[in-house]
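Accompanying notes for the structure given below.
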Amino acid sequence: MTNLIEIKGVTHAYQTPDGPLPVLDNLNVSVPEGEFAAVVGPSGCGKSTLTRLVAGLMKPDEGEVWLHGELVKTPRKTVGMAFQNPVLLEWRTIMDNVILPLEIVAPTMPRAKRRDRAMELLTLVGLDGFEDKRPSELSGGMRQRASLCRSIVHKPDVLIMDEPFGALDAFTREDLWQTMHALRAKEPFTAVLITHDLRESVYLGDQVIVLSGRPATTQYVLDVKYPGEGGERKLEGLYTPACSDMLAALREQIQIAQGRQPEPAVQS
Ligand SMILES: Nc1ncnc2c1ncn2[C@@H]1O[C@H](COP(=O)(O)OP(=O)(O)O)[C@@H](O)[C@H]1O
Ligand SMILES: [Mg+2]
């Protein structure tokens with residue numbers, strides 16, 4: 001299988017008034033086409049920096065980032081991004097927010113076609129009927145749904161999400177996880193998801209990459225073998241022994257990444 005995202009030996013330091021701050025150290029990440037890589041690691045270890053590198057928003061000091069067999073040197077139109085704060089434009093309707101990337105990437109696409117495309121996604125995430133509302137008229141979870149639609153409306157090769165569900169309550173978050181699977185089933189994309197929620201990483205990820213403390217390197221990679229039949233991921237699966245084992249392994253790795261002694265596993 002070809003790797004759609006290939007991060008090879010990336011090392012980077014920010015130049016600060018106090019001197020260089022090393023953030024990434026010989027980082028290697030491979031994500032096959034159509035797969036979902038969840039990235040977890042201690043706060044401040046360099047996760048958001050990693051997303052900026054993949055999007056081509058900055059260049060690493062050393063190493064290479066490849067997307068679709070092309071070396072990334074400049075910002076990429078074929079990357080979609082979603083963040084913790086959906087940053088929807090209040091003076092535009094939900095519809096007009098979602099079609100924004102199409103106005104940039106496909107300026108000649110007729111308006112009716114843009115709206116059809118946006119409507120298809122809004123329906124898929126349960127927002128049909130809300131297309132003419134303003135962002136402030138929607139709940140946080142609904143805004144995040146709209147933001148997800150906007151991030152994939154132009155069919156990007158890669159979707160990068162930096163803690164997109166971090167600000168939502170637990171129930172809304174679980175709804176959004178299921179929406180992510182529904183979106184993926186309808187329109188396959190390759191994704192990097194930064195999260196600090198280990199359950200989320202296991203539920204959504206095909207692999208979970210644990211980064212070490214700063215400067216971050218790839219400390220551990222878990223291949224997720226989600227329990228259940230036919231590849232469908234059910235939320236209940238998270239409460240099976242197979243998932244508990246994966247979560248315990250990840251928790252231990254996070255403790256190591258934080259420089260703490262792993263705590264003995266507690267039976268739940
Ligand atoms: N533009 C910047 N200039 C200087 N330091 C930065 C810059 N961006 C991030 N940092 C620092 O680099 C480290 C890693 O940041 P970041 O990638 O945002 O970590 P994370 O997303 O894992 O919390 C942090 O210590 C942060 O303060
Ligand atoms: Mg961050």
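A note on labels: chains of the structure tokens are A, B, ... as shown, every chain counts residues from 1, and ligands are counted from 1 in their shown order.
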From stretch 33-121 of chain A, collect each residue whose DSSP state is strand (DSSP E) and return the set as a count of residues only.
18
Tell me, as an NGL selection string, which residues lie within 10 Å of A:Thr11, counting only C-alpha atoms; anything in the same chain fewer than 6 positions away does not count.
:A and (22-28 or 60-64 or 215-217)
With N, CA, C and O atoms retained, export the selected residues as a PDB file, in the first residue's frame.
ATOM      1  N   PRO A  22      14.104  23.280  20.613  1.00  0.00           N
ATOM      2  CA  PRO A  22      13.867  22.088  19.787  1.00  0.00           C
ATOM      3  C   PRO A  22      12.484  21.508  20.075  1.00  0.00           C
ATOM      4  O   PRO A  22      12.145  21.295  21.232  1.00  0.00           O
ATOM      5  N   VAL A  23      11.682  21.291  19.036  1.00  0.00           N
ATOM      6  CA  VAL A  23      10.329  20.752  19.235  1.00  0.00           C
ATOM      7  C   VAL A  23      10.135  19.373  18.608  1.00  0.00           C
ATOM      8  O   VAL A  23       9.373  18.569  19.127  1.00  0.00           O
ATOM      9  N   LEU A  24      10.774  19.118  17.488  1.00  0.00           N
ATOM     10  CA  LEU A  24      10.650  17.800  16.867  1.00  0.00           C
ATOM     11  C   LEU A  24      12.042  17.237  16.653  1.00  0.00           C
ATOM     12  O   LEU A  24      12.965  17.958  16.271  1.00  0.00           O
ATOM     13  N   ASP A  25      12.192  15.945  16.917  1.00  0.00           N
ATOM     14  CA  ASP A  25      13.510  15.335  16.822  1.00  0.00           C
ATOM     15  C   ASP A  25      13.422  14.017  16.058  1.00  0.00           C
ATOM     16  O   ASP A  25      12.952  13.024  16.599  1.00  0.00           O
ATOM     17  N   ASN A  26      13.840  14.051  14.798  1.00  0.00           N
ATOM     18  CA  ASN A  26      13.872  12.852  13.978  1.00  0.00           C
ATOM     19  C   ASN A  26      12.533  12.104  14.011  1.00  0.00           C
ATOM     20  O   ASN A  26      12.464  10.921  14.303  1.00  0.00           O
ATOM     21  N   LEU A  27      11.477  12.851  13.705  1.00  0.00           N
ATOM     22  CA  LEU A  27      10.124  12.299  13.744  1.00  0.00           C
ATOM     23  C   LEU A  27       9.819  11.560  12.440  1.00  0.00           C
ATOM     24  O   LEU A  27      10.117  12.059  11.355  1.00  0.00           O
ATOM     25  N   ASN A  28       9.257  10.371  12.577  1.00  0.00           N
ATOM     26  CA  ASN A  28       8.861   9.582  11.404  1.00  0.00           C
ATOM     27  C   ASN A  28       7.409   9.155  11.555  1.00  0.00           C
ATOM     28  O   ASN A  28       7.042   8.587  12.580  1.00  0.00           O
ATOM     29  N   PRO A  60      10.461  22.200   7.817  1.00  0.00           N
ATOM     30  CA  PRO A  60      11.304  21.723   8.915  1.00  0.00           C
ATOM     31  C   PRO A  60      12.775  22.076   8.681  1.00  0.00           C
ATOM     32  O   PRO A  60      13.194  22.250   7.541  1.00  0.00           O
ATOM     33  N   ASP A  61      13.525  22.189   9.779  1.00  0.00           N
ATOM     34  CA  ASP A  61      14.972  22.422   9.666  1.00  0.00           C
ATOM     35  C   ASP A  61      15.631  21.259   8.926  1.00  0.00           C
ATOM     36  O   ASP A  61      16.502  21.433   8.093  1.00  0.00           O
ATOM     37  N   GLU A  62      15.211  20.060   9.295  1.00  0.00           N
ATOM     38  CA  GLU A  62      15.770  18.852   8.662  1.00  0.00           C
ATOM     39  C   GLU A  62      14.650  17.879   8.392  1.00  0.00           C
ATOM     40  O   GLU A  62      13.639  17.876   9.083  1.00  0.00           O
ATOM     41  N   GLY A  63      14.881  16.994   7.412  1.00  0.00           N
ATOM     42  CA  GLY A  63      13.900  15.963   7.108  1.00  0.00           C
ATOM     43  C   GLY A  63      12.907  16.412   6.052  1.00  0.00           C
ATOM     44  O   GLY A  63      12.983  17.555   5.563  1.00  0.00           O
ATOM     45  N   GLU A  64      12.005  15.527   5.701  1.00  0.00           N
ATOM     46  CA  GLU A  64      11.091  15.784   4.588  1.00  0.00           C
ATOM     47  C   GLU A  64       9.670  15.370   4.925  1.00  0.00           C
ATOM     48  O   GLU A  64       9.445  14.431   5.673  1.00  0.00           O
ATOM     49  N   PRO A 215      11.810  17.537  22.832  1.00  0.00           N
ATOM     50  CA  PRO A 215      11.405  17.511  21.429  1.00  0.00           C
ATOM     51  C   PRO A 215      10.803  16.153  21.068  1.00  0.00           C
ATOM     52  O   PRO A 215      11.333  15.120  21.445  1.00  0.00           O
ATOM     53  N   ALA A 216       9.669  16.209  20.335  1.00  0.00           N
ATOM     54  CA  ALA A 216       8.892  14.995  20.095  1.00  0.00           C
ATOM     55  C   ALA A 216       9.527  14.098  19.048  1.00  0.00           C
ATOM     56  O   ALA A 216       9.979  14.543  18.004  1.00  0.00           O
ATOM     57  N   THR A 217       9.541  12.823  19.382  1.00  0.00           N
ATOM     58  CA  THR A 217       9.881  11.807  18.403  1.00  0.00           C
ATOM     59  C   THR A 217       8.813  10.729  18.495  1.00  0.00           C
ATOM     60  O   THR A 217       7.999  10.740  19.418  1.00  0.00           O
TER      61      THR A 217
END
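With distances restricted to only C-alpha atoms, A:Arg199 is the closest residue to A:Ala248 from A:Arg199, A:Val98, A:Arg214, A:Leu53.
One finds atom CA of A:Asn97 at 17.1 Å from atom CA of A:Pro164.
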Contacts of chain A with ligand 2 up to 8 Å, shortest pair per row, only C-alpha atoms and all ligand atoms, as a tab-separated table:
residue	atom	partner	partner_atom_place_in_ligand_line	distance
A:Ser43	CA	ligand 2	1 (Mg)	7.1
A:Gly44	CA	ligand 2	1 (Mg)	6.6
A:Gly46	CA	ligand 2	1 (Mg)	7.0
A:Lys47	CA	ligand 2	1 (Mg)	5.4
A:Ser48	CA	ligand 2	1 (Mg)	4.1
A:Thr49	CA	ligand 2	1 (Mg)	7.4
A:Asp162	CA	ligand 2	1 (Mg)	6.7
A:Glu163	CA	ligand 2	1 (Mg)	7.5
A:Ile194	CA	ligand 2	1 (Mg)	7.8
What does the file look like for those residues with C-alpha atoms, as a compact mmCIF listing (two decimals), in the first residue's frame?
# COMPACT_ATOMS: atom_id res chain seq x y z
CA SER A 43 0.96 19.04 26.08
CA GLY A 44 3.51 21.27 24.37
CA GLY A 46 5.02 19.58 19.21
CA LYS A 47 1.71 18.14 17.94
CA SER A 48 0.38 21.37 16.43
CA THR A 49 3.80 21.97 14.91
CA ASP A 162 -6.05 19.55 15.75
CA GLU A 163 -8.09 18.59 18.83
CA ILE A 194 -4.42 15.28 17.13
Quick one: pick out all helix (DSSP H, G or I) residues within stretch 154-240 of chain A from a backbone DSSP run and write them as a PyMOL selection string.
chain A and resi 170-186+198-204+235-239
If we count only C-alpha atoms, what is near stretch 107-119 of chain A at a cut-off of 8 Å, once residues fewer than 3 positions away on the same chain are taken out, given as a count of residues only?
13
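Checking A:Val31, A:Leu159, A:Val79, A:Leu50 one by one against A:Gln207, counting only C-alpha atoms, you find the shortest gap at A:Val31.
Minimum atom-to-atom distance to ligand 1, evaluated using only C-alpha atoms and all ligand atoms, belongs to A:Met161 out of A:Met161, A:Ile256, A:Leu127, A:Leu138.
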Which is closest to A:Val125 among A:Leu88, A:Met142, A:Leu235, A:Val210, if we use only C-alpha atoms?
A:Met142
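Excluding A:Thr2 itself and any same-chain residue fewer than 3 positions from it, the protein and nucleic acid residues within 9 Å of it, counting only C-alpha atoms, are Ile5, Val31, Pro32, Glu33, His68 and Gly69 of chain A.
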Please produce a file of the residues just selected, as a PDB file, in the first residue's frame, where the atoms kept are C-alpha atoms.
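What ended up in out.pdb:
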ATOM      1  CA  ILE A   5       1.596  10.973   4.156  1.00  0.00           C
ATOM      2  CA  VAL A  31      -0.073   7.114   6.941  1.00  0.00           C
ATOM      3  CA  PRO A  32      -1.369   4.835   4.161  1.00  0.00           C
ATOM      4  CA  GLU A  33      -3.988   6.209   1.772  1.00  0.00           C
ATOM      5  CA  HIS A  68       0.996  11.769  -2.454  1.00  0.00           C
ATOM      6  CA  GLY A  69       4.581  11.253  -3.573  1.00  0.00           C
TER       7      GLY A  69
END
